[in-house]
$ cat coords_29.txt   # compact mmCIF, C-alpha atoms
# COMPACT_ATOMS: atom_id res chain seq x y z
CA MET Z 14 35.49 19.37 8.04
CA SER Z 15 35.55 22.60 6.09
CA ARG Z 16 35.26 25.73 8.23
CA GLU Z 17 34.03 27.86 5.35
CA ARG Z 18 31.09 29.90 6.61
CA VAL Z 19 27.83 30.20 4.68
CA ALA Z 20 26.10 33.60 4.42
CA PRO Z 21 22.50 33.79 5.69
CA GLN Z 22 21.09 34.50 2.23
CA ASP Z 23 22.59 31.21 1.02
CA TRP Z 24 21.53 29.09 3.96
CA TYR Z 25 18.09 27.85 2.85
CA GLU Z 26 16.88 25.98 -0.20
CA THR Z 27 13.29 25.59 -1.39
CA ILE Z 28 12.05 22.78 -3.63
CA ARG Z 29 8.55 22.87 -5.07
CA MET Z 30 6.69 19.56 -4.83
CA ALA Z 31 3.22 18.64 -6.11
CA ASP Z 32 -0.09 19.87 -4.64
CA ASP Z 33 1.25 23.28 -3.56
CA VAL Z 34 3.69 21.70 -1.11
CA THR Z 35 7.20 23.13 -0.85
CA LEU Z 36 10.19 21.60 0.90
CA ILE Z 37 12.37 24.08 2.78
CA GLN Z 38 15.71 22.74 3.94
CA GLU Z 39 19.13 23.76 5.24
CA PRO Z 40 21.38 21.96 2.72
CA TRP Z 41 24.63 22.62 4.58
CA ILE Z 42 23.51 20.43 7.49
CA LYS Z 43 24.39 16.75 7.16
CA PRO Z 44 21.43 14.56 6.13
CA PHE Z 45 21.07 12.80 9.50
CA PHE Z 46 20.45 16.15 11.20
CA ARG Z 47 18.81 18.09 8.39
CA CYS Z 48 15.15 18.79 9.16
CA ASN Z 49 12.64 18.89 6.32
CA MET Z 50 10.36 21.89 6.73
CA TRP Z 51 7.10 21.64 4.80
CA HIS Z 52 5.16 24.66 3.52
CA VAL Z 53 1.63 24.04 2.27
CA ARG Z 54 -0.36 26.75 0.52
CA GLY Z 55 -4.06 27.03 1.30
CA ARG Z 56 -6.82 29.36 0.16
CA ASP Z 57 -7.16 31.29 3.41
CA ARG Z 58 -3.82 30.67 5.07
CA ASP Z 59 -0.66 28.62 4.73
CA LEU Z 60 0.85 25.90 6.89
CA LEU Z 61 4.47 25.54 7.99
CA PHE Z 62 5.29 22.15 9.49
CA ASP Z 63 8.54 22.51 11.49
CA SER Z 64 11.02 25.37 11.35
CA GLY Z 65 14.56 24.01 11.38
CA LEU Z 66 17.66 24.77 13.41
CA GLY Z 67 16.92 28.44 14.04
CA HIS Z 68 20.40 29.92 13.80
CA VAL Z 69 19.54 31.69 10.54
CA SER Z 70 16.20 33.50 10.45
CA LEU Z 71 13.66 31.64 8.35
CA SER Z 72 11.22 34.54 8.05
CA ARG Z 73 13.96 36.91 6.94
CA HIS Z 74 15.51 34.69 4.29
CA VAL Z 75 12.64 32.58 2.91
CA ARG Z 76 10.01 34.94 1.55
CA LEU Z 77 7.55 32.10 1.05
CA VAL Z 78 6.78 31.91 4.78
CA THR Z 79 5.88 35.59 5.10
CA GLU Z 80 3.75 36.16 2.00
CA ARG Z 81 0.40 35.19 3.57
CA PRO Z 82 -1.15 34.35 6.96
CA LEU Z 83 0.45 31.18 8.27
CA ILE Z 84 0.19 28.69 11.12
CA ALA Z 85 3.49 27.17 12.29
CA VAL Z 86 2.99 23.63 13.58
CA ALA Z 87 5.68 21.66 15.41
CA SER Z 88 5.83 17.94 14.63
CA HIS Z 89 7.66 17.63 17.97
CA THR Z 90 10.05 19.72 20.02
CA HIS Z 91 13.56 18.48 19.25
CA PHE Z 92 15.90 21.35 18.47
CA ASP Z 93 16.22 20.78 14.73
CA HIS Z 94 12.46 21.14 14.25
CA ILE Z 95 11.52 24.24 16.29
CA GLY Z 96 14.39 26.68 15.94
CA CYS Z 97 12.43 29.42 14.15
CA HIS Z 98 8.98 28.88 15.66
CA HIS Z 99 9.33 32.05 17.70
CA GLU Z 100 9.29 34.05 14.45
CA PHE Z 101 5.63 33.24 13.80
CA ALA Z 102 2.63 34.58 15.70
CA HIS Z 103 0.37 31.58 15.17
CA ARG Z 104 2.01 28.48 16.64
CA ALA Z 105 0.65 25.04 17.41
CA VAL Z 106 2.03 21.90 19.08
CA HIS Z 107 0.63 18.78 20.70
CA ALA Z 108 -0.33 19.40 24.30
CA ALA Z 109 2.17 16.81 25.55
CA GLU Z 110 5.12 18.94 24.42
CA ALA Z 111 3.71 22.43 24.86
CA ALA Z 112 5.87 23.05 27.94
CA ILE Z 113 9.05 22.35 25.96
CA LEU Z 114 8.10 24.71 23.13
CA ALA Z 115 7.47 27.43 25.72
CA ASP Z 116 10.73 26.70 27.56
CA PRO Z 117 13.05 24.96 25.07
CA ARG Z 118 16.06 24.34 27.26
CA ASN Z 119 18.87 22.53 25.51
CA GLU Z 120 18.60 19.42 27.66
CA LEU Z 121 14.89 19.11 26.77
CA THR Z 122 15.32 19.54 23.01
CA LEU Z 123 18.45 17.31 22.67
CA ALA Z 124 20.49 20.35 21.67
CA ASP Z 125 22.82 19.82 24.63
CA LYS Z 126 24.17 16.64 23.00
CA TYR Z 127 23.66 17.04 19.27
CA ALA Z 128 23.75 20.74 18.30
CA THR Z 129 27.48 20.66 17.58
CA ASP Z 130 29.88 21.60 14.83
CA GLU Z 131 29.75 17.99 13.62
CA MET Z 132 26.23 18.54 12.25
CA PHE Z 133 27.49 20.64 9.37
CA ASP Z 134 29.18 20.20 6.03
CA ARG Z 135 29.61 23.98 6.17
CA MET Z 136 28.67 26.11 9.13
CA PRO Z 137 26.58 29.28 9.01
CA LYS Z 138 28.20 32.59 9.75
CA GLY Z 139 28.21 33.36 13.44
CA TRP Z 140 27.64 29.78 14.59
CA GLN Z 141 29.09 28.95 18.02
CA SER Z 142 27.79 25.67 19.35
CA GLU Z 143 28.36 26.61 22.99
CA ARG Z 144 26.06 29.64 22.58
CA TYR Z 145 23.24 27.90 20.70
CA ARG Z 146 19.83 28.43 22.29
CA ILE Z 147 16.28 28.18 20.97
CA GLU Z 148 13.98 31.10 21.64
CA PRO Z 149 10.82 30.35 23.66
CA ALA Z 150 7.74 30.04 21.45
CA PRO Z 151 4.62 29.43 23.56
CA ALA Z 152 1.89 27.84 21.49
CA GLU Z 153 -1.27 29.69 20.59
CA ARG Z 154 -3.02 26.36 19.98
CA LEU Z 155 -2.61 23.01 21.71
CA LEU Z 156 -3.36 20.10 19.42
CA GLN Z 157 -4.94 16.72 20.09
CA ASP Z 158 -5.42 13.63 17.96
CA GLY Z 159 -8.20 14.01 15.40
CA GLU Z 160 -8.29 17.82 15.31
CA ILE Z 161 -8.41 19.53 11.93
CA ILE Z 162 -6.06 22.26 10.76
CA ASP Z 163 -8.19 24.15 8.24
CA LEU Z 164 -6.47 26.15 5.50
CA GLY Z 165 -9.75 27.14 3.83
CA ASP Z 166 -9.75 24.74 0.91
CA ARG Z 167 -7.56 22.13 2.56
CA ALA Z 168 -7.95 20.18 5.79
CA PHE Z 169 -5.18 18.33 7.60
CA GLU Z 170 -6.07 15.94 10.40
CA VAL Z 171 -3.77 15.82 13.40
CA VAL Z 172 -2.47 12.30 13.99
CA HIS Z 173 -0.86 11.83 17.41
CA THR Z 174 2.25 9.67 16.90
CA PRO Z 175 3.95 8.99 20.26
CA GLY Z 176 7.07 6.86 20.22
CA HIS Z 177 9.90 9.07 19.00
CA SER Z 178 8.67 11.65 21.49
CA PRO Z 179 5.48 11.87 23.60
CA GLY Z 180 3.89 14.74 21.70
CA GLY Z 181 4.89 13.81 18.18
CA ILE Z 182 2.28 14.42 15.50
CA GLY Z 183 1.76 13.93 11.79
CA LEU Z 184 -0.71 15.77 9.56
CA PHE Z 185 -2.84 13.79 7.09
CA GLU Z 186 -4.81 15.27 4.21
CA LYS Z 187 -7.43 12.66 3.35
CA ARG Z 188 -8.36 14.20 -0.02
CA THR Z 189 -4.84 13.92 -1.45
CA GLY Z 190 -3.33 11.23 0.76
CA ILE Z 191 -0.47 13.55 1.76
CA PHE Z 192 1.05 12.59 5.12
CA LEU Z 193 3.40 15.07 6.79
CA SER Z 194 4.90 12.55 9.16
CA GLY Z 195 7.50 14.36 11.25
CA ASP Z 196 10.00 11.99 12.84
CA ILE Z 197 7.76 8.99 13.44
CA VAL Z 198 8.37 7.61 9.94
CA TYR Z 199 10.90 8.58 7.28
CA ASP Z 200 13.23 6.69 4.97
CA GLY Z 201 16.21 6.47 7.30
CA PRO Z 202 17.14 5.17 10.76
CA LEU Z 203 14.10 5.49 13.02
CA ILE Z 204 14.98 6.77 16.47
CA ASP Z 205 13.29 5.17 19.48
CA ASP Z 206 15.99 5.70 22.11
CA ALA Z 207 16.00 9.44 22.82
CA TYR Z 208 15.43 10.41 26.46
CA HIS Z 209 11.63 10.56 26.13
CA SER Z 210 11.15 7.96 23.42
CA ASP Z 211 9.06 4.87 24.14
CA ARG Z 212 9.38 1.72 22.05
CA GLY Z 213 6.02 0.36 23.14
CA ASP Z 214 4.36 3.59 22.03
CA TYR Z 215 6.31 3.44 18.77
CA ARG Z 216 4.99 -0.02 17.96
CA ALA Z 217 1.43 0.93 18.90
CA THR Z 218 1.65 4.03 16.72
CA PHE Z 219 2.88 2.02 13.74
CA GLU Z 220 0.16 -0.58 14.17
CA ARG Z 221 -2.37 2.24 14.09
CA LEU Z 222 -0.71 4.05 11.18
CA ARG Z 223 -0.16 1.10 8.88
CA PRO Z 224 -3.65 1.19 7.25
CA LEU Z 225 -3.48 4.95 6.65
CA GLY Z 226 -4.30 5.62 2.99
CA VAL Z 227 -1.19 7.59 2.11
CA SER Z 228 -0.26 8.59 -1.43
CA VAL Z 229 3.00 10.30 -0.44
CA VAL Z 230 4.88 10.67 2.83
CA HIS Z 231 6.81 13.88 3.44
CA GLY Z 232 8.95 12.99 6.45
CA GLY Z 233 10.93 15.02 8.93
CA HIS Z 234 14.21 13.87 7.34
CA PHE Z 235 15.40 12.29 4.09
CA PRO Z 236 13.49 12.13 0.76
CA SER Z 237 9.75 11.64 0.35
CA PHE Z 238 8.31 8.26 -0.63
CA GLY Z 239 5.10 6.51 -1.59
CA PRO Z 240 2.69 3.98 -0.06
CA VAL Z 241 4.64 0.80 -0.83
CA ARG Z 242 7.80 2.09 0.83
CA TYR Z 243 5.68 3.44 3.69
CA ARG Z 244 4.27 0.02 4.51
CA GLN Z 245 7.69 -1.56 4.09
CA ILE Z 246 9.27 0.81 6.63
CA VAL Z 247 6.44 0.27 9.11
CA ASP Z 248 6.54 -3.52 8.72
CA GLU Z 249 10.32 -3.67 9.06
CA TYR Z 250 10.12 -1.83 12.37
CA LEU Z 251 7.28 -4.00 13.67
CA GLU Z 252 9.21 -7.12 12.67
CA GLY Z 253 12.33 -5.91 14.45
CA LEU Z 254 14.33 -5.44 11.25
CA ARG Z 255 14.90 -1.70 11.65
CA LYS Z 256 17.17 -0.74 14.55
CA ALA Z 257 17.77 2.61 16.20
CA GLY Z 258 20.45 4.57 14.35
CA CYS Z 259 22.89 7.35 15.09
CA HIS Z 260 20.44 10.15 14.17
CA LEU Z 261 19.02 11.22 17.51
CA THR Z 262 16.90 14.27 16.78
$ encode --input "coords_29.txt" --output "structure tokens"
Amino acid sequence: MSRERVAPQDWYETIRMADDVTLIQEPWIKPFFRCNMWHVRGRDRDLLFDSGLGHVSLSRHVRLVTERPLIAVASHTHFDHIGCHHEFAHRAVHAAEAAILADPRNELTLADKYATDEMFDRMPKGWQSERYRIEPAPAERLLQDGEIIDLGDRAFEVVHTPGHSPGGIGLFEKRTGIFLSGDIVYDGPLIDDAYHSDRGDYRATFERLRPLGVSVVHGGHFPSFGPVRYRQIVDEYLEGLRKAGCHLT
């Protein structure tokens, strides 16, 4: 693997999607470990869903996340999704994982096993895997299923999605059909064997999610997809055709 180091100003990439949704990603991380961060613009405030690895400051190098008031929501508390949450004053997470966000020890976030040099195609400047730690980011708001995150002219419903982790959530905008799904469903290997995963919960979540009227799914990893692929992924898992893969975050 190349040891060429990437400067902080070149670490992030932003891709504008439809409906004032922007994908923020760290393109030098291999796809299996590369978290999709989703920025949604609202009238009164913006939403950031997940915050990446955290080694390179998101607020310092992606102007989009500092232009307006913003709430930073964690889809769950694995290391690749919460690394920069401490940079934002308004933070939210499901109550079941609030303790991890406040005290994100490496063994609780999976960083002890998977935050290694092998994650990268090119590593960021200053990266030393043995020194990697996530800063504590106690939540201002504890979320429960059915709550609404109100951006003024946009409303996202919290959908509790246990299975990958106990406090996993997605955010569903009924008006547009946008589903920010976190790591419960994406177009890649679905992980149900992390230390606090539960396969029974995963199946129950998918049975509940299948009728959701999605128009587009913006997952925690890999490219976005539409409703036909969404139902296909869900059905394949329920039928036992999709097995746990090597992506464990």
$ atom_distance --input "coords_29.txt" --atom1 "CA of Leu203 in chain Z" --atom2 "CA of Tyr145 in chain Z"
25.4 Å
$ closest_residue --input "coords_29.txt" --among "Z:Phe235, Z:Leu225, Z:Asp33, Z:His89" --to "Gly55 in chain Z" --atoms "all atoms listed in the file"
Z:Asp33
$ atom_distance --input "coords_29.txt" --atom1 "CA of Asp248 in chain Z" --atom2 "CA of Gly213 in chain Z"
14.9 Å
$ residues_around --input "coords_29.txt" --residues "Met136 in chain Z" --least-positions-apart "4" --cutoff "10 Å" --atoms "only C-alpha atoms" --output "VMD selection string"
chain Z and resid 14 to 20 24 41 to 42 130 to 132 140 to 141
$ closest_residue --input "coords_29.txt" --among "Z:Gly67, Z:Pro202, Z:Gly253, Z:Pro21" --to "Gly233 in chain Z" --atoms "all atoms listed in the file"
Z:Pro202
$ closest_residue --input "coords_29.txt" --among "Z:Asp32, Z:Glu26, Z:Asp200, Z:Asp205" --to "Ile246 in chain Z" --atoms "all atoms listed in the file"
Z:Asp200
$ atom_distance --input "coords_29.txt" --atom1 "CA of Ala207 in chain Z" --atom2 "CA of Arg221 in chain Z"
21.6 Å
$ residues_around --input "coords_29.txt" --residues "Glu220 in chain Z" --least-positions-apart "2" --cutoff "12 Å" --atoms "only C-alpha atoms" --output "list in words"
Thr174, Pro175, Gly176, Gly213, Asp214, Tyr215, Arg216, Ala217, Thr218, Leu222, Arg223, Pro224, Leu225, Arg244, Ile246, Val247, Asp248, Glu249, Tyr250, Leu251 and Glu252 of chain Z
$ closest_residue --input "coords_29.txt" --among "Z:Asp125, Z:Asp134, Z:Asp59, Z:Glu110" --to "Pro44 in chain Z" --atoms "all atoms listed in the file"
Z:Asp134
$ closest_residue --input "coords_29.txt" --among "Z:His173, Z:His68, Z:His231, Z:Lys43" --to "Leu193 in chain Z" --atoms "all atoms listed in the file"
Z:His231
$ residues_around --input "coords_29.txt" --residues "range 165-168 of chain Z" --least-positions-apart "6" --cutoff "10 Å" --atoms "all atoms listed in the file" --output "list of chain:residue names"
Z:Val53, Z:Arg54, Z:Gly55, Z:Arg56, Z:Asp57, Z:Arg58, Z:Asp59, Z:Leu184, Z:Phe185, Z:Glu186, Z:Lys187, Z:Arg188, Z:Thr189
$ residues_around --input "coords_29.txt" --residues "Ser194 in chain Z" --least-positions-apart "4" --cutoff "8 Å" --atoms "all atoms listed in the file" --output "number ranges by chain"
Z: 88, 182-184, 198-199, 230-233
$ residues_around --input "coords_29.txt" --residues "Cys48 in chain Z" --least-positions-apart "2" --cutoff "8 Å" --atoms "only C-alpha atoms" --output "VMD selection string"
chain Z and resid 38 to 39 46 50 63 65 to 66 93 to 94 233 to 234
$ closest_residue --input "coords_29.txt" --among "Z:Leu123, Z:Val69, Z:Ile161, Z:Leu60" --to "Tyr25 in chain Z" --atoms "only C-alpha atoms"
Z:Val69
